[in-house]
Structures are given as structure tokens and as C-alpha cells.
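Colleague: Have a peek at protein15.cif (mmCIF, C-alpha atoms).
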data_protein
loop_
_atom_site.label_atom_id
_atom_site.label_comp_id
_atom_site.auth_asym_id
_atom_site.auth_seq_id
_atom_site.Cartn_x
_atom_site.Cartn_y
_atom_site.Cartn_z
CA MET A 17 15.78 37.60 37.98
CA ALA A 18 15.76 35.63 34.76
CA ASP A 19 18.86 33.72 35.83
CA GLU A 20 17.12 32.58 39.01
CA LEU A 21 14.30 30.92 37.02
CA LEU A 22 16.62 28.91 34.81
CA ARG A 23 17.55 25.37 35.86
CA ASP A 24 21.04 24.03 35.64
CA GLU A 25 20.87 21.73 32.62
CA ALA A 26 24.04 19.90 33.57
CA ASP A 27 22.67 19.27 37.04
CA ILE A 28 19.50 17.72 35.59
CA THR A 29 21.47 15.52 33.25
CA GLU A 30 23.78 14.21 35.92
CA ARG A 31 21.45 13.73 38.85
CA GLY A 32 18.17 12.62 37.25
CA VAL A 33 14.68 14.09 37.15
CA ALA A 34 13.38 16.58 39.71
CA ARG A 35 9.98 16.34 41.42
CA GLU A 36 8.76 19.83 40.72
CA ALA A 37 5.00 19.40 40.57
CA GLU A 38 4.51 20.51 44.18
CA ASP A 39 7.84 22.06 45.11
CA PRO A 40 10.30 23.39 42.51
CA ALA A 41 13.01 23.13 45.12
CA ALA A 42 12.42 19.42 45.73
CA PRO A 43 15.57 17.30 45.73
CA LEU A 44 16.49 15.54 42.53
CA VAL A 45 15.86 11.79 42.34
CA ASP A 46 17.02 9.09 40.02
CA ALA A 47 14.97 8.68 36.80
CA ALA A 48 14.88 4.88 37.18
CA GLU A 49 13.08 5.28 40.51
CA ILE A 50 10.29 7.24 38.86
CA ALA A 51 10.03 4.80 35.94
CA HIS A 52 9.28 1.90 38.29
CA GLN A 53 6.64 3.66 40.36
CA ASP A 54 2.98 2.68 40.21
CA LEU A 55 1.32 4.16 37.11
CA GLU A 56 -1.56 5.48 39.19
CA GLY A 57 0.76 7.68 41.25
CA PRO A 58 0.61 8.39 44.95
CA GLY A 59 -2.60 9.88 46.24
CA LEU A 60 -4.41 9.99 42.85
CA GLU A 61 -7.47 8.07 41.69
CA PRO A 62 -7.07 5.98 38.53
CA GLU A 63 -9.45 8.18 36.54
CA GLN A 64 -7.26 11.17 37.33
CA GLU A 65 -4.37 9.45 35.60
CA ILE A 66 -6.27 8.76 32.34
CA LEU A 67 -5.37 11.18 29.56
CA THR A 68 -6.93 11.47 26.10
CA ILE A 69 -4.73 12.96 23.40
CA ASN A 70 -4.85 13.56 19.66
CA MET A 71 -2.16 12.02 17.49
CA GLY A 72 -2.39 13.63 14.08
CA PRO A 73 -3.91 14.40 11.69
CA HIS A 74 -0.70 16.27 10.84
CA HIS A 75 1.85 13.88 12.28
CA PRO A 76 4.72 12.47 10.20
CA ALA A 77 4.34 8.98 11.67
CA THR A 78 0.70 8.55 10.60
CA HIS A 79 1.79 8.08 6.95
CA GLY A 80 -0.95 10.43 5.80
CA VAL A 81 -3.63 12.68 7.17
CA LEU A 82 -4.94 10.32 9.86
CA ARG A 83 -6.16 11.35 13.30
CA LEU A 84 -5.92 8.99 16.26
CA ILE A 85 -7.78 9.64 19.51
CA VAL A 86 -5.64 7.81 22.07
CA THR A 87 -6.58 7.23 25.71
CA LEU A 88 -3.53 6.74 27.92
CA GLN A 89 -2.81 5.71 31.47
CA GLY A 90 0.78 6.70 31.90
CA GLU A 91 2.40 5.34 28.76
CA ARG A 92 -0.06 2.45 28.45
CA VAL A 93 -2.69 2.65 25.68
CA LEU A 94 -6.20 2.02 27.01
CA ALA A 95 -8.13 2.87 23.82
CA CYS A 96 -7.36 4.00 20.29
CA LYS A 97 -9.88 5.31 17.80
CA PRO A 98 -8.88 6.21 14.22
CA VAL A 99 -10.71 9.23 12.77
CA MET A 100 -10.84 9.44 8.97
CA GLY A 101 -12.01 11.98 6.44
CA TYR A 102 -9.17 14.50 6.43
CA LEU A 103 -8.09 13.41 2.94
CA HIS A 104 -11.55 12.84 1.48
CA THR A 105 -11.42 13.32 -2.28
CA GLY A 106 -14.79 12.01 -3.41
CA ILE A 107 -13.12 9.92 -6.10
CA GLU A 108 -15.82 7.24 -6.17
CA LYS A 109 -18.56 9.84 -6.66
CA SER A 110 -16.46 11.64 -9.28
CA CYS A 111 -16.17 8.37 -11.22
CA GLU A 112 -19.95 8.27 -11.54
CA ASP A 113 -19.87 11.59 -13.38
CA LYS A 114 -17.29 10.47 -15.96
CA SER A 115 -17.42 8.09 -18.90
CA TYR A 116 -15.84 4.66 -18.39
CA TRP A 117 -12.93 5.84 -20.51
CA LYS A 118 -12.19 8.77 -18.19
CA VAL A 119 -12.55 6.93 -14.87
CA ILE A 120 -9.15 5.22 -15.04
CA PRO A 121 -7.01 8.28 -14.06
CA PHE A 122 -9.29 8.86 -11.07
CA VAL A 123 -9.02 5.39 -9.54
CA GLU A 124 -5.21 5.41 -9.82
CA ARG A 125 -5.06 8.19 -7.26
CA MET A 126 -6.81 6.46 -4.38
CA ASP A 127 -4.06 4.13 -3.22
CA TYR A 128 -1.32 6.22 -4.76
CA LEU A 129 1.37 3.60 -4.08
CA SER A 130 -0.35 0.78 -5.98
CA TYR A 131 -1.84 2.53 -8.99
CA PHE A 132 -1.41 -0.43 -11.34
CA PHE A 133 -3.60 -2.51 -9.02
CA GLN A 134 -6.29 0.19 -8.97
CA MET A 135 -6.32 0.17 -12.77
CA GLU A 136 -6.54 -3.62 -12.94
CA ALA A 137 -9.43 -3.70 -10.47
CA PHE A 138 -11.51 -1.23 -12.49
CA CYS A 139 -10.52 -2.36 -16.00
CA GLY A 140 -10.99 -6.01 -15.05
CA THR A 141 -14.48 -5.26 -13.74
CA ILE A 142 -15.51 -3.54 -16.98
CA GLU A 143 -13.99 -6.29 -19.13
CA ARG A 144 -16.06 -8.87 -17.27
CA LEU A 145 -19.19 -6.76 -17.52
CA VAL A 146 -18.92 -6.47 -21.31
CA GLY A 147 -17.48 -9.97 -21.84
CA LEU A 148 -14.20 -8.73 -23.31
CA GLU A 149 -11.26 -11.15 -23.34
CA ILE A 150 -7.80 -9.56 -23.32
CA PRO A 151 -4.87 -11.08 -25.26
CA PRO A 152 -2.38 -13.35 -23.44
CA ARG A 153 0.45 -10.87 -23.95
CA ALA A 154 -1.56 -8.15 -22.25
CA LYS A 155 -2.17 -10.44 -19.27
CA TYR A 156 1.55 -11.06 -18.87
CA LEU A 157 2.39 -7.37 -19.22
CA ARG A 158 -0.19 -6.50 -16.57
CA VAL A 159 1.23 -9.06 -14.16
CA LEU A 160 4.77 -7.85 -14.81
CA HIS A 161 3.90 -4.23 -14.04
CA MET A 162 1.81 -5.12 -11.01
CA GLU A 163 4.59 -7.19 -9.45
CA LEU A 164 7.07 -4.37 -10.03
CA ASN A 165 4.50 -2.12 -8.38
CA ARG A 166 4.19 -4.56 -5.46
CA ILE A 167 7.95 -4.42 -4.86
CA MET A 168 7.90 -0.63 -5.10
CA SER A 169 5.06 -0.36 -2.59
CA HIS A 170 6.79 -2.70 -0.13
CA LEU A 171 10.02 -0.72 -0.50
CA VAL A 172 8.23 2.48 0.50
CA TRP A 173 6.68 0.61 3.43
CA LEU A 174 9.99 -0.87 4.56
CA GLY A 175 11.90 2.40 4.29
CA THR A 176 9.32 4.49 6.13
CA SER A 177 8.63 1.83 8.78
CA ALA A 178 12.33 1.49 9.57
CA LEU A 179 12.57 5.28 9.67
CA ASP A 180 9.80 5.35 12.29
CA LEU A 181 11.99 3.15 14.47
CA GLY A 182 15.09 5.27 13.90
CA ALA A 183 16.79 3.31 11.09
CA ILE A 184 17.20 6.20 8.66
CA SER A 185 19.69 4.32 6.45
CA MET A 186 16.96 1.88 5.38
CA PHE A 187 14.93 4.76 4.01
CA TRP A 188 17.65 5.77 1.57
CA TYR A 189 18.47 2.22 0.53
CA CYS A 190 14.82 1.34 -0.17
CA PHE A 191 14.19 4.52 -2.12
CA ARG A 192 17.28 3.79 -4.22
CA GLU A 193 15.62 0.62 -5.55
CA ARG A 194 12.22 2.32 -5.74
CA ASP A 195 13.71 4.92 -8.06
CA THR A 196 14.97 2.15 -10.34
CA ILE A 197 11.45 0.73 -10.60
CA LEU A 198 9.99 4.15 -11.36
CA ASP A 199 12.55 4.50 -14.16
CA LEU A 200 11.21 1.22 -15.61
CA PHE A 201 7.63 2.54 -15.43
CA GLU A 202 8.70 5.70 -17.21
CA MET A 203 10.35 3.62 -19.91
CA SER A 204 7.29 1.43 -20.60
CA ALA A 205 4.41 3.81 -19.87
CA GLY A 206 5.87 7.29 -20.23
CA GLN A 207 5.17 8.25 -16.59
CA ARG A 208 6.81 7.34 -13.31
CA MET A 209 3.52 7.35 -11.38
CA HIS A 210 -0.18 7.29 -12.32
CA THR A 211 0.63 5.98 -15.77
CA ARG A 212 -2.85 5.05 -17.12
CA TYR A 213 -1.02 2.17 -18.79
CA PHE A 214 -3.85 -0.34 -18.39
CA GLN A 215 -6.79 0.08 -20.75
CA VAL A 216 -10.07 -1.79 -21.03
CA GLY A 217 -9.02 -4.54 -23.43
CA GLY A 218 -5.31 -4.72 -22.60
CA VAL A 219 -2.50 -2.22 -22.16
CA PHE A 220 -1.86 1.11 -23.85
CA GLU A 221 1.34 0.14 -25.66
CA ASP A 222 3.74 -2.74 -26.01
CA ILE A 223 6.97 -2.63 -24.02
CA PRO A 224 9.77 -0.73 -25.82
CA VAL A 225 13.05 -2.12 -27.08
CA GLY A 226 15.48 -2.52 -24.20
CA PHE A 227 12.81 -2.75 -21.50
CA GLU A 228 13.19 -6.50 -21.04
CA ARG A 229 16.95 -6.14 -20.64
CA LYS A 230 16.50 -3.42 -18.00
CA VAL A 231 13.99 -5.50 -16.07
CA ARG A 232 16.27 -8.53 -16.10
CA GLN A 233 19.10 -6.38 -14.76
CA PHE A 234 16.80 -5.27 -11.95
CA CYS A 235 15.81 -8.89 -11.19
CA ASP A 236 19.48 -9.85 -10.99
CA LEU A 237 20.18 -6.93 -8.65
CA MET A 238 17.17 -7.06 -6.32
CA PRO A 239 17.80 -10.33 -4.39
CA GLY A 240 21.20 -9.04 -3.29
CA ARG A 241 19.67 -5.76 -2.19
CA ILE A 242 17.05 -7.61 -0.15
CA ASP A 243 19.92 -9.51 1.49
CA GLN A 244 21.35 -6.14 2.49
CA TYR A 245 18.05 -5.05 4.02
CA GLU A 246 17.90 -8.24 6.05
CA ALA A 247 21.52 -7.89 7.14
CA LEU A 248 20.70 -4.45 8.53
CA LEU A 249 17.50 -5.41 10.36
CA ASP A 250 17.34 -9.14 11.12
CA LYS A 251 19.95 -8.96 13.91
CA ASN A 252 19.42 -5.36 14.95
CA GLU A 253 18.61 -5.45 18.67
CA ILE A 254 16.53 -2.29 18.59
CA PHE A 255 14.48 -3.45 15.62
CA LEU A 256 13.92 -6.90 17.12
CA HIS A 257 12.82 -5.55 20.51
CA ARG A 258 10.46 -3.08 18.86
CA THR A 259 8.77 -5.64 16.59
CA ARG A 260 8.82 -9.09 18.25
CA ASN A 261 5.71 -9.87 20.31
CA VAL A 262 4.43 -6.36 19.65
CA GLY A 263 1.01 -5.69 18.12
CA VAL A 264 -0.02 -9.35 18.13
CA VAL A 265 -3.49 -10.06 16.72
CA SER A 266 -4.70 -13.63 16.33
CA ARG A 267 -5.62 -15.19 13.00
CA GLU A 268 -9.21 -15.73 14.21
CA ARG A 269 -9.63 -12.08 15.18
CA LEU A 270 -8.23 -10.88 11.84
CA LEU A 271 -10.68 -13.11 9.97
CA GLU A 272 -13.54 -11.69 12.04
CA LEU A 273 -12.52 -8.18 11.03
CA GLY A 274 -12.14 -9.06 7.34
CA VAL A 275 -8.43 -8.22 7.33
CA THR A 276 -6.51 -9.51 4.31
CA GLY A 277 -3.07 -9.28 2.76
CA PRO A 278 0.28 -9.44 4.57
CA LEU A 279 -1.41 -8.74 7.92
CA LEU A 280 -3.50 -11.91 7.66
CA ARG A 281 -0.71 -14.01 6.19
CA ALA A 282 1.62 -12.91 8.99
CA ALA A 283 -0.81 -14.55 11.44
CA GLY A 284 -0.54 -17.89 9.62
CA GLU A 285 -3.42 -17.76 7.11
CA PRO A 286 -2.10 -18.49 3.56
CA TRP A 287 -4.83 -16.51 1.76
CA ASP A 288 -3.72 -14.89 -1.49
CA LEU A 289 -6.11 -14.09 -4.34
CA ARG A 290 -3.34 -14.69 -6.88
CA LYS A 291 -3.53 -18.38 -5.96
CA SER A 292 -7.20 -18.76 -5.09
CA PRO A 293 -9.22 -18.16 -7.17
CA GLY A 294 -6.52 -16.63 -9.40
CA TYR A 295 -6.79 -14.07 -12.19
CA LEU A 296 -4.95 -12.90 -15.30
CA SER A 297 -2.01 -15.28 -15.92
CA TYR A 298 -0.97 -15.99 -12.30
CA GLY A 299 -1.85 -19.64 -12.80
CA ASP A 300 1.11 -19.93 -15.20
CA PHE A 301 3.68 -18.99 -12.58
CA ASP A 302 5.36 -20.88 -9.76
CA PHE A 303 5.57 -18.83 -6.56
CA LYS A 304 5.09 -19.31 -2.83
CA ILE A 305 2.84 -17.55 -0.31
CA PRO A 306 4.95 -16.41 2.65
CA VAL A 307 3.20 -16.82 6.02
CA GLY A 308 4.08 -15.97 9.61
CA THR A 309 3.36 -17.68 12.91
CA ILE A 310 2.00 -15.42 15.65
CA GLY A 311 1.12 -12.25 13.74
CA ASP A 312 3.39 -9.73 15.47
CA GLY A 313 5.31 -6.85 13.92
CA TYR A 314 8.29 -9.04 13.08
CA ASP A 315 6.12 -11.55 11.21
CA ARG A 316 4.60 -8.70 9.19
CA TYR A 317 8.09 -7.53 8.28
CA ARG A 318 9.25 -11.01 7.27
CA VAL A 319 6.16 -11.69 5.14
CA ARG A 320 6.55 -8.48 3.13
CA VAL A 321 10.28 -8.99 2.59
CA GLN A 322 9.68 -12.54 1.32
CA GLU A 323 6.89 -11.26 -0.91
CA MET A 324 9.43 -9.04 -2.64
CA ARG A 325 11.56 -12.09 -3.37
CA GLU A 326 8.56 -13.97 -4.76
CA SER A 327 7.61 -10.98 -6.92
CA VAL A 328 11.08 -11.06 -8.48
CA ARG A 329 10.51 -14.73 -9.34
CA ILE A 330 7.15 -13.94 -10.95
CA ILE A 331 8.68 -11.11 -13.02
CA GLU A 332 11.44 -13.39 -14.30
CA GLN A 333 8.86 -16.00 -15.31
CA CYS A 334 6.82 -13.30 -17.05
CA LEU A 335 9.79 -12.35 -19.19
CA ASP A 336 10.71 -15.97 -19.92
CA GLY A 337 7.19 -16.90 -21.03
CA LEU A 338 5.99 -13.59 -22.51
CA PRO A 339 3.70 -14.56 -25.42
CA GLU A 340 3.93 -12.96 -28.83
CA GLY A 341 0.95 -11.23 -30.34
CA PRO A 342 -1.21 -8.17 -29.72
CA TRP A 343 -1.11 -6.28 -26.42
CA ILE A 344 -4.71 -5.06 -26.65
CA SER A 345 -8.01 -6.43 -27.93
CA ASP A 346 -9.13 -5.63 -31.47
CA ASP A 347 -12.76 -5.06 -30.46
CA ARG A 348 -13.28 -1.54 -31.83
CA LYS A 349 -16.41 -1.08 -29.76
CA TYR A 350 -14.25 -0.58 -26.65
CA VAL A 351 -10.69 -0.12 -27.92
CA LEU A 352 -9.19 2.85 -29.73
CA PRO A 353 -8.10 2.28 -33.33
CA PRO A 354 -4.35 2.13 -33.98
CA ARG A 355 -2.68 5.52 -34.31
CA ASP A 356 -1.38 4.81 -37.80
CA GLU A 357 -4.97 4.55 -39.07
CA LEU A 358 -5.98 8.03 -37.90
CA SER A 359 -4.17 9.79 -40.74
CA THR A 360 -5.54 7.52 -43.47
CA SER A 361 -9.04 6.46 -42.36
CA MET A 362 -11.86 8.90 -41.65
CA GLU A 363 -13.87 6.12 -40.00
CA SER A 364 -11.05 5.41 -37.56
CA LEU A 365 -10.68 9.13 -36.78
CA ILE A 366 -14.42 9.47 -36.06
CA HIS A 367 -14.39 6.29 -34.00
CA HIS A 368 -11.44 7.56 -31.97
CA PHE A 369 -13.17 10.89 -31.38
CA LYS A 370 -16.45 9.27 -30.29
CA LEU A 371 -14.73 6.85 -27.89
CA VAL A 372 -12.72 9.56 -26.19
CA THR A 373 -15.46 12.18 -25.95
CA GLU A 374 -18.62 10.11 -25.41
CA GLY A 375 -17.19 6.74 -24.44
CA TYR A 376 -18.73 3.31 -24.92
CA ARG A 377 -21.96 2.07 -23.38
CA VAL A 378 -22.12 -0.86 -20.98
CA ALA A 379 -25.28 -2.98 -20.81
CA PRO A 380 -27.18 -2.85 -17.49
CA GLY A 381 -25.63 -5.11 -14.87
CA GLU A 382 -23.42 -5.19 -11.82
CA LEU A 383 -20.19 -6.98 -10.97
CA TYR A 384 -17.57 -7.22 -8.23
CA TYR A 385 -13.98 -8.14 -9.11
CA SER A 386 -11.16 -8.47 -6.58
CA ILE A 387 -7.40 -8.82 -6.83
CA GLU A 388 -4.45 -9.09 -4.42
CA SER A 389 -2.90 -5.66 -3.88
CA PRO A 390 0.20 -5.02 -1.73
CA ARG A 391 -2.15 -4.37 1.22
CA GLY A 392 -4.70 -7.12 0.70
CA GLU A 393 -7.95 -7.71 -1.16
CA LEU A 394 -8.69 -4.79 -3.47
CA GLY A 395 -12.16 -5.07 -4.95
CA CYS A 396 -14.11 -2.97 -7.40
CA PHE A 397 -17.90 -2.93 -7.71
CA VAL A 398 -19.52 -1.31 -10.74
CA LEU A 399 -23.23 -0.89 -11.39
CA ALA A 400 -23.99 -0.18 -15.06
CA ASP A 401 -27.30 1.30 -16.25
CA GLY A 402 -26.76 1.10 -20.00
CA SER A 403 -25.23 4.57 -20.39
CA SER A 404 -21.64 5.59 -21.03
CA LYS A 405 -21.18 6.44 -17.34
CA PRO A 406 -21.23 4.01 -14.40
CA ALA A 407 -24.26 4.42 -12.12
CA ARG A 408 -22.21 3.36 -9.08
CA VAL A 409 -18.52 2.77 -8.46
CA HIS A 410 -17.32 1.44 -5.12
CA PHE A 411 -13.94 0.09 -4.07
CA ARG A 412 -13.17 -2.29 -1.25
CA ASP A 413 -9.88 -0.74 -0.24
CA PRO A 414 -7.74 -2.99 2.00
CA SER A 415 -6.30 -0.03 3.94
CA PHE A 416 -9.80 0.93 5.06
CA VAL A 417 -10.73 -2.58 6.18
CA ASN A 418 -7.36 -3.35 7.76
CA LEU A 419 -7.52 -0.16 9.84
CA GLN A 420 -10.08 -1.96 12.02
CA ALA A 421 -7.27 -4.08 13.44
CA PHE A 422 -5.29 -1.10 14.69
CA SER A 423 -7.10 -0.90 18.01
CA ASP A 424 -6.51 -4.62 18.67
CA MET A 425 -2.84 -4.15 17.84
CA SER A 426 -2.37 -1.16 20.13
CA VAL A 427 -4.59 -1.47 23.22
CA GLY A 428 -2.58 -2.70 26.19
CA GLY A 429 0.74 -1.72 24.64
CA LEU A 430 2.92 1.33 25.06
CA ILE A 431 2.42 4.60 23.24
CA ALA A 432 5.87 4.15 21.68
CA ASP A 433 4.59 0.94 20.07
CA LEU A 434 1.66 2.85 18.58
CA ILE A 435 3.99 4.22 15.92
CA GLN A 436 5.41 0.81 15.11
CA ASN A 437 1.94 -0.77 14.91
CA LEU A 438 0.69 1.88 12.52
CA ALA A 439 3.76 1.46 10.35
CA MET A 440 3.29 -2.32 10.18
CA LEU A 441 -0.35 -1.76 9.24
CA ASP A 442 0.83 0.03 6.08
CA PRO A 443 -2.28 2.18 5.52
CA ILE A 444 -2.62 4.48 2.52
CA ILE A 445 -4.96 7.24 3.62
CA GLY A 446 -5.91 8.11 0.05
CA GLY A 447 -7.49 4.66 -0.16
CA VAL A 448 -9.08 4.93 3.28
CA ASP A 449 -10.88 8.21 2.55
CA ARG A 450 -11.19 8.10 -1.28
#
Spell out the structure here as C-alpha cells.
Modeller:
Amino acid sequence: MADELLRDEADITERGVAREAEDPAAPLVDAAEIAHQDLEGPGLEPEQEILTINMGPHHPATHGVLRLIVTLQGERVLACKPVMGYLHTGIEKSCEDKSYWKVIPFVERMDYLSYFFQMEAFCGTIERLVGLEIPPRAKYLRVLHMELNRIMSHLVWLGTSALDLGAISMFWYCFRERDTILDLFEMSAGQRMHTRYFQVGGVFEDIPVGFERKVRQFCDLMPGRIDQYEALLDKNEIFLHRTRNVGVVSRERLLELGVTGPLLRAAGEPWDLRKSPGYLSYGDFDFKIPVGTIGDGYDRYRVRVQEMRESVRIIEQCLDGLPEGPWISDDRKYVLPPRDELSTSMESLIHHFKLVTEGYRVAPGELYYSIESPRGELGCFVLADGSSKPARVHFRDPSFVNLQAFSDMSVGGLIADLIQNLAMLDPIIGGVDR
């Protein structure tokens, strides 16, 4: 009996797809014939063909715990609604219960691929609130680490996006270079990820002996590796067909939605906060802003790849022009005393203890400070009430804002392109939910 219910797999493979909805014994027909039939189907009303499905939240292609409610007609996407909250950590509210000193490790873990940028956003906001100027060397070291972080973030994006389209080799190649960057972070900050290297007033420690040589070796290596990535993808027929003229959103529509970063630049808008208005020491460096033309998936890929090349140029200029001098401010009201003083000075030991346990107080005020993260404008708003804890901490995370464009990218396209569009969006769900 069981044998009678089984279908001949070889027969299906050779002769096409059977119409078995009404009659299991129906003759087999060619698959191409079915593919070219009317989406509505014979004898069915259009509303009977509309199907609403859940994609995620536990789906490997959503790059995090993201749920998508997708309305389909055949394989055509009629509507797409992202549903957030499955990775909600309450980080912003937790920051309001900690001293300014203890907030830094929290903010690093929102966008967990660009932790140096999270630190800069928060530390820069506090420095501007208290009027603290950081030394030139600290500015250069911050830029150096952030640009390494930008390359690392884009490498994760490129490897996982190519993997979504079936190019598994790209994943291994990109993570090979990512691992080299994480080794550099471990060398300078002691940790591969979530380093807490940036402090209010500068950086935690100067770069060690041999770090500059290692970074220069990486800068010599990376352009050739980017050439390899492009050789694999730029003429790959599958990659080109899956990205060109797919997920197009106009520059005007992106500006209406408040989208920033590579998504906006891919549509032809050369907006980059490193250039305008500028911050830290970016004004000292010569670099270009890559832009696209029509804002499709291929433009988004090209912009991010070129940004990696420009980041290498910025890093090389950082090393060439790295100023001498202190790496952190000497304002003891906000900065820990040097370690060598703790064993000889009781005042320094008490000061260290008070800063770490109670923290410093920030005069009442509020300030918003924004920088250019790998995903766009990352802003931090802090409201101070005069205590050692912030009264309100809020981040403008680019992944959250850019997610608005996903529906425009996907509606009218195929469900297969939904994966590619989400990959090109490059959302970090930890930053979306936070």
C-alpha cells in the first residue's frame, strides 16, 4: 500500500511538474508551461491568490531576529511589513541607571558590528556637554580605529550578502580579512570586540610597539584583497542579475524617509558626515565619497566596496600624520589618574576610586552629536540633570531609520529578491531594537 502512494522521483524530474491539486493522476506537464501561466490562475479570484506569510523572526537570511509579514500574489511581493522587538535589550533605559563612566560598555552592544562608532557617539556627546577637548593624538587614534571598524563591518556585510545569493566563497574570504582586523583590535585594546577603548577625554591607552607596523602591513594587503572580491563578483552573471535594477529606491524618496549612509549615497546623494560638517580629525585627510547612480543593489555593493578602499587611504594618512603627545586629557575631573600614581599617591588612589564607583557629575543640559557609521548617521542625545547619571539617553540608530526603505525596495519585486534587498540594507537588529 505504501508503495502505491509514493511518486516516481525520476519520472517527476524528467517530465516536469504534475497537476495534482484536483486529480493526483493528472498527466505531467512541462514546468515552463506552469511558470508562464497567469498569476491569478484559472477560475480563481485575485483575492484567493493573495497569501500572507511570516518570514522570520528565526530565519538565517534576516541577519538577526527580524520578522517580516509579507503579502504575496504568486511570487510577487504586494506588501512587506517589518516587525521589531524580538531582540529588545532596553540598553537606552539601562544607560539611565548607570553613571556616565559605566554607560560605555552598554552602548557598544547595540550595533555590535560598529562598536567603536557607538563609543565615539556617546563619548563625543559627553565631551561636548562638559566642554572637554581631547588631545590631537587621541583624535587620530579614534579615527584610525573607527576606519578599521568600518572595513570590518563592510566585510561582514559583503560576506553574508554574497552568501545569501549563493556565493559561499566570499564569506570565507571576507572573514579572513575581518579576523586580521580583530587581531589588530586585540593588540591595541586588549579585546577583539567591545573593547571599551574610547574614554571620555581620549582613548584608554596608547598604541603598543609594533601596532603601526602591523596596520601598515594590513593597508598594503587590503587593496589587493578588494581586487579579488571584485574579480569574483563584478562579472558574475548570477550576482549581476540578482543586484542590477533590483530594489531601486529614488534619491528623493530616501531623503523623505531620512535614510542615510551607503543607501543614500548609492542613489547619488554625496552626504557624508565625515566631510560635512566633519568631526575629530577628518578634516586633515584626503578621501573621496563614493556615490552611485540609480540606487539599486549593485550600486549599494559598489559604494561599500569603494568605501573600504577610501578607509584604507584614511588609515594610511592617520599613521603618516599621527601627532606626538598624550592620548587622553589631563583633566582629572573626568579622567582617571595614571596607573603609576596609584601606588605612590593616596590622592590619586581616592580619585580613581571615586571616579569609578560614583562617577563625575555633568551640569544640566542636553546635546545631540552625530557621526558617520558604516550604516549611516549615528546620533546620540543625552539629557543631563546635574547628577552622575544621565537623565535620558537616546540613539538615532541608522539601521532603525533605514529599515523604513525596505518596503519601497521590495514591493513589486519577487520574493527571491526580498533576501537580496534585506542583505543590501545591512540592518543590525541590535541597533534597531536596542
Colleague: Ranking A:Arg258, A:Arg355, A:Arg290, A:Arg269 by minimum distance to Asp424 of chain A and counting only C-alpha atoms, which one comes first?
Modeller: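 Using only C-alpha atoms, the shortest distance to Asp424 of chain A belongs to A:Arg269.
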Colleague: Which neighbours of segment 400-407 of chain A fall inside 10 Å, counting all atoms listed in the file, when residues of the same chain fewer than 2 positions from it are skipped, and could you give them as a VMD selection string?
Modeller: chain A and resid 109 111 to 119 142 145 371 374 to 383 397 to 398 409
Colleague: Considering only C-alpha atoms, can you say which of A:Arg125, A:Arg144, A:Arg212, A:His170 comes closest to Ser327 of chain A?
Modeller: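 For Ser327 of chain A, the nearest of the given residues is A:His170.
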Colleague: Quick one, how far is atom CA of Gly90 of chain A from atom CA of Asp312 of chain A?
Modeller: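 Interatomic distance here is 23.4 Å.
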Colleague: In Å, how far is it from atom CA of Glu65 of chain A to atom CA of Ala95 of chain A?
Modeller: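 One can read the atom CA of Glu65 of chain A to atom CA of Ala95 of chain A distance as 14.0 Å.
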Colleague: Would you mind reading off the distance between atom CA of Tyr295 of chain A and atom CA of Pro152 of chain A, one decimal, in Å?
Modeller: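 Separation of atom CA of Tyr295 of chain A and atom CA of Pro152 of chain A: 12.1 Å.
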